[in-house]
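Working notes, structure below.
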Number of protein chains: 4
Amino acid sequence: MNNSFGNIYRLTTFGESHGPAIGGIIDGIPSNLDINIEKIQLALNKRKPGQSSLSTPRKENDIVEILSGIYKNKTLGSPIGFIIRNHDIKSNDYDENIYRPSHGDFTYEAKYKIRDYRGGGRASARETACRIVAGEIAKQILNQIAKINVYTCISQIGNIKINENSDNEIFKKEIEDEILKVKKTGDSIGGKISCIIDCPVGLGEPVYNKLQSELSSAMFSIPGVKGFEYGLGFDFCNKKGSEVNDEFYSDGINIFTKSNNSGGIQGGISNGQPIYFNVAFKPTPSISIEQSTIDKDLNNIHTKIKGRHDPCIVPRALYVVEAMTYIVMLDQIMMNRSKSFY
Amino acid sequence: MNNSFGNIYRLTTFGESHGPAIGGIIDGIPSNLDINIEKIQLALNKRKPGQSSLSTPRKENDIVEILSGIYKNKTLGSPIGFIIRNHDIKSNDYDENIYRPSHGDFTYEAKYKIRDYRGGGRASARETACRIVAGEIAKQILNQIAKINVYTCISQIGNIKINENSDNEIFKKEIEDEILKVKKTGDSIGGKISCIIDCPVGLGEPVYNKLQSELSSAMFSIPGVKGFEYGLGFDFCNKKGSEVNDEFYSDGINIFTKSNNSGGIQGGISNGQPIYFNVAFKPTPSISIEQSTIDKDLNNIHTKIKGRHDPCIVPRALYVVEAMTYIVMLDQIMMNRSKSFY
Amino acid sequence: MNNSFGNIYRLTTFGESHGPAIGGIIDGIPSNLDINIEKIQLALNKRKPGQSSLSTPRKENDIVEILSGIYKNKTLGSPIGFIIRNHDIKSNDYDENIYRPSHGDFTYEAKYKIRDYRGGGRASARETACRIVAGEIAKQILNQIAKINVYTCISQIGNIKINENSDNEIFKKEIEDEILKVKKTGDSIGGKISCIIDCPVGLGEPVYNKLQSELSSAMFSIPGVKGFEYGLGFDFCNKKGSEVNDEFYSDGINIFTKSNNSGGIQGGISNGQPIYFNVAFKPTPSISIEQSTIDKDLNNIHTKIKGRHDPCIVPRALYVVEAMTYIVMLDQIMMNRSKSFY
Amino acid sequence: MNNSFGNIYRLTTFGESHGPAIGGIIDGIPSNLDINIEKIQLALNKRKPGQSSLSTPRKENDIVEILSGIYKNKTLGSPIGFIIRNHDIKSNDYDENIYRPSHGDFTYEAKYKIRDYRGGGRASARETACRIVAGEIAKQILNQIAKINVYTCISQIGNIKINENSDNEIFKKEIEDEILKVKKTGDSIGGKISCIIDCPVGLGEPVYNKLQSELSSAMFSIPGVKGFEYGLGFDFCNKKGSEVNDEFYSDGINIFTKSNNSGGIQGGISNGQPIYFNVAFKPTPSISIEQSTIDKDLNNIHTKIKGRHDPCIVPRALYVVEAMTYIVMLDQIMMNRSKSFY
């Protein structure tokens, strides 16, 4: 198994959902920069479960303990090790012998010949808490060395879609209603997250490390992600070049494009226009409605999934999308710098 | 710049579109397996330009010369080096001073402060010829060590979409007509490629090297790709868990799923059902219709793109999608094997 | 900074000497193999300080806490995260403003513009405790999947050198005397560790990942190492081919060499004969004899190093040499396996 | 097999000794820097065989053809691909069925189950010609972006050793005589190369990528290398801290050390003093004196090695040591830069 992400700014994580702790090591940290440790905890608090009626009632304290790499609120250049202890574990909710539909139970056991069935083990989305830590640190570092900002929003839950005229508060209310409605029936629902990045020209590469490759790889590492598109994305399929090419123009000093169908990336490299992309999420496979499935002895059985689960992954995944984007962007800044000598 | 792809089975490529040659090195080759060199050339012939009225009239001979790693039609375990000389170059068709709309000209120069403008230089899709070589070798190796097959097809060109009832020959004729129609107007058109993989249980990993992450990263490294989805993909966004979960059942010996909305991957790992995914392509940015743009001195100008270009990337990209898929799958087989001791 | 070692079996560590904890993540673990956690603690106990009059009186409890990757004494295939809390810290022994001679104080601060001066920070040999954990796990895994054994011994302390006729007990007594003699004067002393590996044919590669490259890289990552040689090593410089070539012979079934001047590796690959190598260690730079040096304001000053230090690194480094060797050997076995399909 | 070296500035090579060509790809090239292609050929000429009575009479033209990455004598930032055709091949000199003593014939075949026996195949030192190309390019780049110089010399051939009072011309004459004397008897001889690097403070890292680890790994990747030591090296084994610690002093502006026993590296990081190291080479295993060995059918036989070989590797290896050192140093400069934002 490989549990690292990133080329230079590099996160490695460990931990099973119901083991003693999860945690990680962030390597490739530039030294002598400011870190606000409280803000790391605040970022974690946003993602943590039990926050609202929309998410799982599992109440993790999710207290991050930073063990190295920061001294007197400055990065030492050495790796940042951290752990988050697991609490409020109800392993009895999980049945060792059942492969839950559309979960990773069956594939994990088929591949590794062993499985920690409790809470999904290594395959649990709980791992993403570590990404929030690394994402917040990336954000704090980026604030000091580059001009990059990441904005994320929920753009669809079920049939509720955002549009240009959407009122933020009303849209927020609508998707809450949609999720609660589904929750009541013991079911779950899919959705979409959109992300915009303000970033300078020159990030990404023309062949294998295209900026879109790095971003898509980051997004598809998030549990439940089934699609990624940037710029016009799948809408390009029925478009003509003359309709969608982004023409350049200049005021004599700066360079702009008349449209931004490319989504801020051309030839694998950011062009200075806003980058934007969409990420599709499937509904949480954990539902309390009865489903048919099999057990380890290959008996066909019926099951209702116990355990405490989010009826929709999207609201909490929002913070993970943001974190992974910051990780990619800092990594890109550092890769660029390693080859810049002009 | 990073010009390598793959973890263990690893392709590194070089070459500018109008330089003396392109080529590559494939490392991580398992030894003592059969290689049919003629078939490598045949695979290359399929992708090469000038084959039909649908593609660019540039007539590359595209003769691959294998320089190492194969001895008496067997792999030596050593790296396979190969080159493909560039011929029929018309560099005069390209203007050093103009940034073509929606091309990588501007971003390459902004990032690297220098550019080989002839034929797109390193950013040219010509690089993908090297992937055909590595993909065919991966395919030949896979044939000897695993049960993996890859099937690709064009599923959309412009408004022409494949559906369950499509007659293959008629659909083929329709998309040819669509492309030729666009070509006559000097314009270009987008499209979609679909891919199915027959593959055993157990490829991919639960966290950062999920099979979908590896595949999406491979696809987004192909020029012109703007979207990737697998299983139901973006259609998951408005689905409920109870509608789309894939329930398991068994005949007492094997394990199946009643539906395959997951697209053959669960928890990042293949589950033995067919993997399927879609790749969205934008229209070729090179069109002979007049467009406005800028030159290097930031003058606003008008340009008609000369050079010989495909009106639609999709027909030739089909072979690149297939090749990249074989590369990923062999790499996955080798990664699995490194950790399997039962 | 890069804090990872290994290609497939891969250890990443974190931690400053006087921070809250050190620890690591071991990735690339083959699944479903037995792990005896008690033996990991026992291995750590051997290396830990305060064991005898020969080593630093700092008394670390050095209790390793395994946080993931092992379930019911079996590897899950997921990463093994672990931490070792730091105790008995006397940071007051260290002076923030002084660059100790032949230590990493000056270079760390010159490179990173910041330094955790307490106990050497990240540059402390305390980090090697994590390698003991990864080495013991590698050893336990190797026991189940390969025939590899590692033997290490001290072969020189100061002028006391081992030879073919050395009596083990007497030699051990002599080097203890030598170290204690030096310790009394507040000085320190260098030495040499020798290592023998019983291993099968076929580990290592012919070009960049030669087995000797991997071993030497592992050894030079240990603090205080100044030289590495294998086989006849530096004694080859004045030898003729006819004197030192290892002639093959066979009993019709197996292959042997008449001599083993090559040290068990030919063309970068193990040949089935015992591998043997020597590692040279400098004396601990920490001595309580007065030395001249500078402070951060570039004043020339005199200093006597406080803190609790080993008069000789070699006795405790013995376990680190062994651990790193096991890590390299398991990694090699896994790299081999990834490409073996016959 | 892994055929890449370097972290950011990264050389990948291919080629068998008697195949059509050898070559490589250099990736991670900083863009827009000057390259003098003629000097690359000149560097290659120095190393090439057939230059003097001291080396093998095989007369390679060794003409390097640069295929990409350089345009109008400037780096494009894209990978530099190059090939060197093989000429003057006498494959008949090699016997497919015989394992030559102390060569890689046996181990290669045991590992890979197949072998290109002609001229040593992939295990041939001919591969090092590619390193000369990458080393010369690294040197040219370093000249433009850093203050690093590498000096190498032969310090021992057989019993002839350099010392402080050696007259260069006389020493040169003596080692030539020594090599020719050995050559006449059909034998070969070992030797030692010493290297000094002038380099700034701050290259290398405190834990796994110590500068000495990177250098030793580079040196042990060169065929025939059996030992590496830096600073006092193995002479540290019988030294006391008080004798060999390098005390700092300052003139109020700069920092110096009174001695340089550390060899310019402390705590894994260069301290601004000259780096120096020694590399031990074994005698060429190819000798024309009769030796006993085995064939592939495990018959014990006698053989006299035909083929054209150097009686001593050291004179030509000198250029490879220099090249690998430049590669490591440029890579270090680029790794440093990726994390430097002050």
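How things are named: the first chain in the structure tokens is A, the next is B, and so on; residues count from 1 in each chain; ligands count from 1 in the order shown.
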Contacts from chain D to chain A, 9 Å maximum, only C-alpha atoms: show me the residue list as a short mmCIF file (atom, residue, chain, number, x, y, z; two decimals) with N, CA, C and O atoms, in the first residue's frame.
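Result file selection.cif:
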data_model
loop_
_atom_site.label_atom_id
_atom_site.label_comp_id
_atom_site.auth_asym_id
_atom_site.auth_seq_id
_atom_site.Cartn_x
_atom_site.Cartn_y
_atom_site.Cartn_z
N ILE D 8 15.84 15.42 -8.52
CA ILE D 8 15.17 16.40 -9.38
C ILE D 8 15.90 16.44 -10.73
O ILE D 8 15.30 16.24 -11.77
N GLY D 28 14.31 17.18 -15.50
CA GLY D 28 14.49 18.14 -14.41
C GLY D 28 15.43 19.27 -14.77
O GLY D 28 16.00 19.92 -13.89
N ILE D 29 15.59 19.51 -16.06
CA ILE D 29 16.52 20.54 -16.54
C ILE D 29 15.92 21.93 -16.29
O ILE D 29 14.81 22.21 -16.70
N PRO D 30 16.66 22.82 -15.62
CA PRO D 30 16.18 24.20 -15.52
C PRO D 30 16.23 24.84 -16.92
O PRO D 30 17.13 24.53 -17.70
N SER D 31 15.27 25.69 -17.22
CA SER D 31 15.15 26.22 -18.58
C SER D 31 15.97 27.48 -18.80
O SER D 31 16.41 28.13 -17.85
N ASN D 32 16.18 27.77 -20.06
CA ASN D 32 16.75 29.04 -20.50
C ASN D 32 18.20 29.26 -20.06
O ASN D 32 18.62 30.38 -19.84
N LEU D 33 18.94 28.18 -19.92
CA LEU D 33 20.36 28.28 -19.58
C LEU D 33 21.19 27.85 -20.80
O LEU D 33 20.71 27.13 -21.68
N GLY D 77 13.99 23.45 -20.86
CA GLY D 77 13.30 22.97 -19.68
C GLY D 77 12.74 21.57 -19.90
O GLY D 77 12.39 20.88 -18.95
N ILE D 145 24.73 28.89 -12.20
CA ILE D 145 23.80 29.15 -11.09
C ILE D 145 24.40 28.95 -9.70
O ILE D 145 23.73 29.25 -8.71
N ILE D 333 21.58 21.27 -5.30
CA ILE D 333 21.25 22.70 -5.43
C ILE D 333 19.77 22.87 -5.73
O ILE D 333 19.08 23.73 -5.17
N MET D 334 19.23 22.00 -6.59
CA MET D 334 17.83 22.11 -6.97
C MET D 334 16.90 21.68 -5.83
O MET D 334 15.85 22.28 -5.61
N MET D 335 17.31 20.65 -5.09
CA MET D 335 16.50 20.23 -3.94
C MET D 335 16.46 21.34 -2.90
O MET D 335 15.42 21.62 -2.31
N ASN D 336 17.60 21.97 -2.66
CA ASN D 336 17.64 23.08 -1.72
C ASN D 336 16.70 24.20 -2.13
O ASN D 336 15.95 24.73 -1.32
N ARG D 337 16.77 24.51 -3.41
CA ARG D 337 16.00 25.66 -3.90
C ARG D 337 14.50 25.43 -3.75
O ARG D 337 13.75 26.38 -3.47
N SER D 338 14.07 24.17 -3.90
CA SER D 338 12.63 23.90 -3.83
C SER D 338 12.04 24.26 -2.48
O SER D 338 10.84 24.44 -2.35
N LYS D 339 12.90 24.33 -1.45
CA LYS D 339 12.39 24.59 -0.10
C LYS D 339 12.86 25.91 0.48
O LYS D 339 12.68 26.16 1.67
N SER D 340 13.46 26.75 -0.36
CA SER D 340 14.01 28.01 0.14
C SER D 340 13.13 29.17 -0.27
O SER D 340 13.02 29.48 -1.46
N PHE D 341 12.52 29.80 0.73
CA PHE D 341 11.62 30.92 0.43
C PHE D 341 11.96 32.16 1.25
O PHE D 341 11.11 33.00 1.47
N TYR D 342 13.20 32.23 1.75
CA TYR D 342 13.58 33.43 2.51
C TYR D 342 14.46 34.29 1.63
O TYR D 342 14.99 33.84 0.63
#
### Shell of 12 Å around Phe106 in chain C, only C-alpha atoms, local chain residues under 4 positions omitted, as a ChimeraX atom specification
/C:96-102,110-117,120,123,293-296,298 /D:201-202,206,246-249,255-257,265-272
### Message
Can you pull out the residues contacting Asn3 in chain D? Cut-off 7 Å, using only C-alpha atoms, and skip same-chain residues under 5 positions away; I want them as an MDAnalysis selection string.
### Response
(chainID B and resid 27) or (chainID C and resid 207:208) or (chainID D and resid 12:13)
Kindly export the residues of the current selection with all heavy atoms, as a PDB file, in the first residue's frame.
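Listed below is the output, again.pdb:
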ATOM      1  N   ASP B  27      11.263   1.529 -18.243  1.00  0.00           N
ATOM      2  CA  ASP B  27      12.024   0.846 -17.200  1.00  0.00           C
ATOM      3  C   ASP B  27      11.073  -0.030 -16.387  1.00  0.00           C
ATOM      4  O   ASP B  27       9.856   0.116 -16.470  1.00  0.00           O
ATOM      5  CB  ASP B  27      12.709   1.880 -16.307  1.00  0.00           C
ATOM      6  CG  ASP B  27      14.039   1.374 -15.763  1.00  0.00           C
ATOM      7  OD1 ASP B  27      14.275   0.147 -15.806  1.00  0.00           O
ATOM      8  OD2 ASP B  27      14.834   2.193 -15.311  1.00  0.00           O
TER       9      ASP B  27
ATOM     10  N   VAL C 207      22.794  -1.609 -12.447  1.00  0.00           N
ATOM     11  CA  VAL C 207      23.252  -0.245 -12.717  1.00  0.00           C
ATOM     12  C   VAL C 207      23.082   0.682 -11.494  1.00  0.00           C
ATOM     13  O   VAL C 207      23.965   0.710 -10.647  1.00  0.00           O
ATOM     14  CB  VAL C 207      22.608   0.333 -13.995  1.00  0.00           C
ATOM     15  CG1 VAL C 207      23.210   1.695 -14.328  1.00  0.00           C
ATOM     16  CG2 VAL C 207      22.825  -0.619 -15.176  1.00  0.00           C
ATOM     17  N   TYR C 208      21.960   1.370 -11.343  1.00  0.00           N
ATOM     18  CA  TYR C 208      21.903   2.396 -10.293  1.00  0.00           C
ATOM     19  C   TYR C 208      21.461   1.882  -8.935  1.00  0.00           C
ATOM     20  O   TYR C 208      21.756   2.492  -7.922  1.00  0.00           O
ATOM     21  CB  TYR C 208      21.046   3.579 -10.736  1.00  0.00           C
ATOM     22  CG  TYR C 208      21.713   4.344 -11.857  1.00  0.00           C
ATOM     23  CD1 TYR C 208      21.247   4.265 -13.155  1.00  0.00           C
ATOM     24  CD2 TYR C 208      22.846   5.097 -11.603  1.00  0.00           C
ATOM     25  CE1 TYR C 208      21.880   4.947 -14.173  1.00  0.00           C
ATOM     26  CE2 TYR C 208      23.490   5.780 -12.615  1.00  0.00           C
ATOM     27  CZ  TYR C 208      22.994   5.701 -13.902  1.00  0.00           C
ATOM     28  OH  TYR C 208      23.635   6.367 -14.897  1.00  0.00           O
TER      29      TYR C 208
ATOM     30  N   THR D  12      18.170   9.005 -16.684  1.00  0.00           N
ATOM     31  CA  THR D  12      17.733   7.625 -16.924  1.00  0.00           C
ATOM     32  C   THR D  12      18.489   7.131 -18.144  1.00  0.00           C
ATOM     33  O   THR D  12      18.542   7.827 -19.154  1.00  0.00           O
ATOM     34  CB  THR D  12      16.210   7.573 -17.189  1.00  0.00           C
ATOM     35  OG1 THR D  12      15.532   8.182 -16.090  1.00  0.00           O
ATOM     36  CG2 THR D  12      15.721   6.145 -17.361  1.00  0.00           C
ATOM     37  N   THR D  13      19.098   5.942 -18.051  1.00  0.00           N
ATOM     38  CA  THR D  13      19.887   5.459 -19.186  1.00  0.00           C
ATOM     39  C   THR D  13      19.373   4.120 -19.689  1.00  0.00           C
ATOM     40  O   THR D  13      18.645   3.417 -19.007  1.00  0.00           O
ATOM     41  CB  THR D  13      21.382   5.293 -18.808  1.00  0.00           C
ATOM     42  OG1 THR D  13      21.519   4.223 -17.869  1.00  0.00           O
ATOM     43  CG2 THR D  13      21.953   6.562 -18.222  1.00  0.00           C
TER      44      THR D  13
END
### Query
Hey, can you check how far CA of Asp187 in chain C sits from CA of Ile287 in chain C?
5.1 Å
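Of the residues listed (D:Glu229, D:Ser217, D:Pro285, D:Asp198), D:Pro285 shows the shortest atom-to-atom separation from Gly241 in chain C; distances use only C-alpha atoms.
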